[in-house]
$ cat query-v8.csv   # CSV, C-alpha atoms and all ligand atoms
chain,number,residue,atom,x,y,z
A,133,MET,CA,0.0,0.0,0.0
A,134,ALA,CA,1.1,3.5,-0.7
A,135,ASN,CA,2.8,5.3,2.2
A,136,THR,CA,2.5,9.0,1.9
A,137,GLU,CA,5.7,9.5,4.0
A,138,THR,CA,8.0,7.8,1.5
A,139,THR,CA,6.1,7.6,-1.8
A,140,LYS,CA,7.1,10.1,-4.4
A,141,ARG,CA,4.6,11.3,-6.9
A,142,LEU,CA,5.6,12.0,-10.5
A,143,PRO,CA,3.5,13.6,-13.2
A,144,ILE,CA,2.7,11.2,-16.1
A,145,ARG,CA,4.1,14.0,-18.4
A,146,GLU,CA,6.5,16.6,-17.4
A,147,ASP,CA,5.0,20.1,-16.9
A,148,LEU,CA,1.5,18.9,-17.3
A,149,PHE,CA,0.2,19.9,-13.8
A,150,THR,CA,0.5,22.7,-11.4
A,151,MET,CA,2.9,21.7,-8.6
A,152,PRO,CA,3.3,20.3,-6.0
A,153,LEU,CA,1.3,17.0,-6.3
A,154,THR,CA,0.9,16.7,-2.5
A,155,THR,CA,-2.9,17.4,-2.4
A,156,LEU,CA,-4.3,16.1,-5.6
A,157,GLU,CA,-7.6,17.9,-5.2
A,158,GLU,CA,-5.7,21.2,-5.5
A,159,VAL,CA,-3.8,20.2,-8.6
A,160,ARG,CA,-4.8,21.8,-11.9
A,161,LEU,CA,-3.7,21.2,-15.5
A,162,MET,CA,-1.0,23.7,-16.5
A,163,GLY,CA,-1.4,25.6,-19.7
A,164,GLY,CA,0.3,28.4,-21.4
A,165,ARG,CA,-1.0,31.5,-23.2
A,166,CYS,CA,1.0,33.0,-26.0
A,167,ARG,CA,1.6,36.7,-25.5
A,168,GLY,CA,1.8,37.2,-29.2
A,169,CYS,CA,-1.4,35.6,-30.5
A,170,GLU,CA,-3.3,34.6,-27.3
A,171,GLU,CA,-3.3,30.9,-28.3
A,172,VAL,CA,-3.7,28.7,-25.2
A,173,SER,CA,-2.0,25.3,-25.2
A,174,LEU,CA,-1.8,22.4,-22.7
A,175,GLY,CA,1.4,21.9,-20.7
A,176,LYS,CA,4.4,24.1,-20.6
A,177,ARG,CA,6.3,24.4,-23.8
A,178,GLY,CA,8.9,26.8,-25.1
A,179,TYR,CA,7.0,27.9,-28.2
A,180,CYS,CA,3.5,28.6,-29.3
A,181,PRO,CA,2.0,25.9,-31.5
A,182,ASN,CA,0.0,28.5,-33.4
A,183,CYS,CA,2.5,31.3,-34.3
A,184,GLY,CA,5.8,29.9,-33.1
A,185,GLY,CA,6.3,32.7,-30.7
A,186,GLN,CA,8.4,32.0,-27.6
A,187,ASP,CA,6.8,34.4,-25.1
A,188,ILE,CA,4.5,32.0,-23.3
A,189,GLN,CA,2.8,32.9,-20.0
A,190,ASP,CA,1.9,30.2,-17.5
A,191,LEU,CA,-1.8,29.7,-17.3
A,192,PRO,CA,-3.2,27.2,-14.8
A,193,LEU,CA,-6.4,25.9,-16.4
A,194,SER,CA,-9.9,25.7,-15.0
A,195,LYS,CA,-10.9,22.5,-13.3
A,196,LYS,CA,-14.4,22.6,-14.9
A,197,GLY,CA,-15.3,22.1,-18.5
A,198,LYS,CA,-17.9,20.7,-20.9
A,199,LEU,CA,-17.8,17.6,-23.0
A,200,TRP,CA,-17.3,18.9,-26.6
A,201,THR,CA,-17.3,15.5,-28.2
A,202,TYR,CA,-16.2,11.9,-27.4
A,203,THR,CA,-15.7,8.4,-28.5
A,204,ILE,CA,-15.8,5.1,-26.7
A,205,ILE,CA,-12.6,3.0,-26.5
A,206,ARG,CA,-13.9,-0.6,-26.7
A,207,HIS,CA,-10.6,-2.5,-27.1
A,208,ARG,CA,-7.5,-2.4,-25.1
A,209,PRO,CA,-5.1,0.1,-26.6
A,210,PRO,CA,-1.8,-1.3,-28.0
A,211,GLY,CA,1.4,-0.7,-26.2
A,212,ASP,CA,2.0,0.2,-22.5
A,213,TYR,CA,-1.6,0.6,-21.4
A,214,LYS,CA,-1.9,1.2,-17.6
A,215,GLY,CA,-5.6,0.9,-17.2
A,216,PRO,CA,-7.6,-1.8,-15.5
A,217,ASP,CA,-6.8,-5.5,-16.4
A,218,PRO,CA,-9.0,-7.0,-17.6
A,219,PHE,CA,-9.7,-4.1,-19.9
A,220,VAL,CA,-12.8,-2.0,-19.3
A,221,PRO,CA,-14.2,0.2,-22.1
A,222,PHE,CA,-14.0,3.9,-21.4
A,223,GLY,CA,-14.9,7.2,-22.9
A,224,LEU,CA,-12.3,9.4,-24.4
A,225,GLY,CA,-13.5,13.0,-24.7
A,226,LEU,CA,-12.5,16.4,-26.0
A,227,VAL,CA,-13.2,18.7,-23.0
A,228,ALA,CA,-13.8,22.3,-23.7
A,229,LEU,CA,-12.3,24.6,-21.0
A,230,PRO,CA,-13.2,28.3,-20.4
A,231,GLU,CA,-9.7,29.3,-21.5
A,232,GLY,CA,-10.7,28.4,-25.0
A,233,ILE,CA,-8.8,25.1,-25.2
A,234,ARG,CA,-10.0,21.6,-25.8
A,235,VAL,CA,-8.2,18.9,-23.9
A,236,VAL,CA,-8.2,15.2,-24.9
A,237,SER,CA,-9.0,13.2,-21.7
A,238,PRO,CA,-10.5,9.9,-20.5
A,239,ILE,CA,-13.9,10.4,-19.1
A,240,GLU,CA,-14.8,8.7,-15.8
A,241,GLY,CA,-18.1,6.9,-15.3
A,242,ASP,CA,-20.7,5.0,-17.2
A,243,ILE,CA,-20.1,5.2,-21.0
A,244,ASP,CA,-23.8,5.0,-21.6
A,245,LEU,CA,-24.4,8.2,-19.7
A,246,MET,CA,-22.0,10.3,-21.7
A,247,ARG,CA,-23.6,13.3,-23.4
A,248,ILE,CA,-22.2,16.1,-25.5
A,249,GLY,CA,-22.3,19.3,-23.5
A,250,MET,CA,-22.3,17.6,-20.1
A,251,ASP,CA,-20.5,19.3,-17.2
A,252,LEU,CA,-17.2,17.8,-16.2
A,253,GLU,CA,-14.6,18.3,-13.5
A,254,LEU,CA,-10.9,17.5,-13.5
A,255,SER,CA,-9.9,14.4,-11.5
A,256,VAL,CA,-6.2,14.0,-10.7
A,257,TYR,CA,-5.3,10.5,-9.5
A,258,PRO,CA,-2.5,7.9,-9.1
A,259,LEU,CA,-2.6,5.8,-12.3
A,260,TYR,CA,0.0,3.2,-11.3
A,261,THR,CA,3.2,2.7,-9.3
A,262,ASP,CA,6.4,2.5,-11.2
A,263,GLY,CA,9.3,0.2,-10.6
A,264,ASP,CA,10.9,2.6,-8.1
A,265,GLY,CA,7.7,2.8,-6.0
A,266,ASN,CA,6.7,6.2,-7.3
A,267,GLU,CA,3.1,7.0,-7.8
A,268,VAL,CA,2.6,8.2,-11.4
A,269,ILE,CA,-0.1,10.9,-11.5
A,270,ALA,CA,-2.5,11.2,-14.4
A,271,PHE,CA,-5.8,13.0,-15.0
A,272,ARG,CA,-9.2,12.4,-16.3
A,273,PHE,CA,-12.5,14.3,-16.2
A,274,LYS,CA,-15.6,13.1,-14.3
A,275,PRO,CA,-19.3,14.1,-14.5
A,276,ILE,CA,-20.3,16.7,-11.9
B,301,ZN,ZN,1.2,32.4,-30.6

$ encode --input "query-v8.csv" --output "C-alpha cells" --more "lines below"
Ligand SMILES: [Zn+2]
Amino acid sequence: MANTETTKRLPIREDLFTMPLTTLEEVRLMGGRCRGCEEVSLGKRGYCPNCGGQDIQDLPLSKKGKLWTYTIIRHRPPGDYKGPDPFVPFGLGLVALPEGIRVVSPIEGDIDLMRIGMDLELSVYPLYTDGDGNEVIAFRFKPI
C-alpha cells in the first residue's frame, strides 16, 4: 500500500500539472497563453504551436469544463496501457475549458451516460506505481 511519507509522486508527463502534487484535489492542469497571438495550449512548452512565438505565459487551467465530443474506446489500446486489467471500455473526450482550449481526456463513469455538453470536472489521480515505487499521477474528467 502507498505510504505518503515515502512515496514520491511523479506527473505522467513533465510540466502537465501545477505543482506540488501533494494534495491532488488542488492540482490543476498547467497551460500556457502566447503573449503574441493569445493561443492557449496544454502543458508548458517553449514555443507557441500556433504562431511559433516564444513568449508564453503560465496559465493554470480551470478544473471545470464541458464535454465537446467523445468516442468510446472498446478495445485495449496497444502498447503500454496502464488501465484496468481485464480491460474496461471507457470514454475518451474532448473537454472544452473556459480558457478556449479543448483537452483530450479519458472520461470517468458509465459510458452509456455520456452526453455532449455535459458538465465535467478535473480528477487528478494515481494511475499506477512505477518500478521505483513512485506514484505516477494522471488526469481524467468526471461528470459533476
Ligand atoms: Zn502564438

$ closest_residue --input "query-v8.csv" --among "A:Ala228, A:Val172, A:Leu153, A:Ile276" --to "A:Gln189" --atoms "only C-alpha atoms"
A:Val172

$ residues_near_ligand --input "query-v8.csv" --ligand "ligand ZN 301 (chain B)" --cutoff "9 Å" --atoms "only C-alpha atoms and all ligand atoms" --output "list in words"
Arg165, Cys166, Arg167, Gly168, Cys169, Glu170, Glu171, Val172, Tyr179, Cys180, Pro181, Asn182, Cys183, Gly184, Gly185, Gln186, Asp187 and Ile188 of chain A

$ residues_around --input "query-v8.csv" --residues "stretch 235-239 of chain A" --least-positions-apart "4" --cutoff "7 Å" --atoms "all atoms listed in the file" --output "ChimeraX atom specification"
/A:222-228,272-274

$ closest_residue --input "query-v8.csv" --among "A:Gly241, A:Pro275, A:Pro258, A:Gly164" --to "A:Leu142" --atoms "all atoms listed in the file"
A:Pro258

$ atom_distance --input "query-v8.csv" --atom1 "atom CA of A:Tyr260" --atom2 "atom CA of A:Pro216"
10.0 Å

$ atom_distance --input "query-v8.csv" --atom1 "atom CA of A:Tyr202" --atom2 "atom CA of A:Gly175"
21.3 Å

$ closest_residue --input "query-v8.csv" --among "A:Arg177, A:Arg247, A:Arg141, A:Arg160" --to "A:Thr203" --atoms "only C-alpha atoms"
A:Arg247

$ residues_around --input "query-v8.csv" --residues "A:Thr155" --least-positions-apart "6" --cutoff "12 Å" --atoms "only C-alpha atoms" --output "list in words"
Thr136, Arg141, Ser255, Val256, Tyr257, Pro258 and Ile269 of chain A

$ atom_distance --input "query-v8.csv" --atom1 "atom CA of A:Ile144" --atom2 "atom CA of A:Ala270"
5.5 Å

$ closest_residue --input "query-v8.csv" --among "A:Glu157, A:Lys214, A:Ile204, A:Phe219" --to "A:Asp242" --atoms "only C-alpha atoms"
A:Ile204

$ axis_aligned_box --input "query-v8.csv" --around "stretch 186-192 of chain A" --padding-each-side "3 Å" --output "AutoDock Vina command-line options"
--center_x 2.6 --center_y 30.8 --center_z -21.2 --size_x 17.6 --size_y 13.2 --size_z 18.8

$ closest_residue --input "query-v8.csv" --among "A:Thr150, A:Thr201, A:Thr139, A:Ser194" --to "A:Glu267" --atoms "all atoms listed in the file"
A:Thr139

$ residues_around --input "query-v8.csv" --residues "A:Leu161" --least-positions-apart "5" --cutoff "7 Å" --atoms "only C-alpha atoms" --output "tab-separated table (two decimals) with C-alpha atoms, keeping the file's coordinate frame"
chain	number	residue	atom	x	y	z
A	148	LEU	CA	1.50	18.90	-17.30
A	149	PHE	CA	0.20	19.90	-13.80
A	150	THR	CA	0.50	22.70	-11.40
A	192	PRO	CA	-3.20	27.20	-14.80
A	193	LEU	CA	-6.40	25.90	-16.40

$ closest_residue --input "query-v8.csv" --among "A:Val220, A:Thr261, A:Ser173, A:Gly215" --to "A:Pro143" --atoms "all atoms listed in the file"
A:Thr261

$ residues_around --input "query-v8.csv" --residues "A:Lys140" --least-positions-apart "6" --cutoff "9 Å" --atoms "all atoms listed in the file" --output "PDB file with C-alpha atoms, in the coordinates of the input"
ATOM      1  CA  GLY A 265       7.700   2.800  -6.000  1.00  0.00           C
ATOM      2  CA  ASN A 266       6.700   6.200  -7.300  1.00  0.00           C
ATOM      3  CA  GLU A 267       3.100   7.000  -7.800  1.00  0.00           C
ATOM      4  CA  VAL A 268       2.600   8.200 -11.400  1.00  0.00           C
TER       5      VAL A 268
END
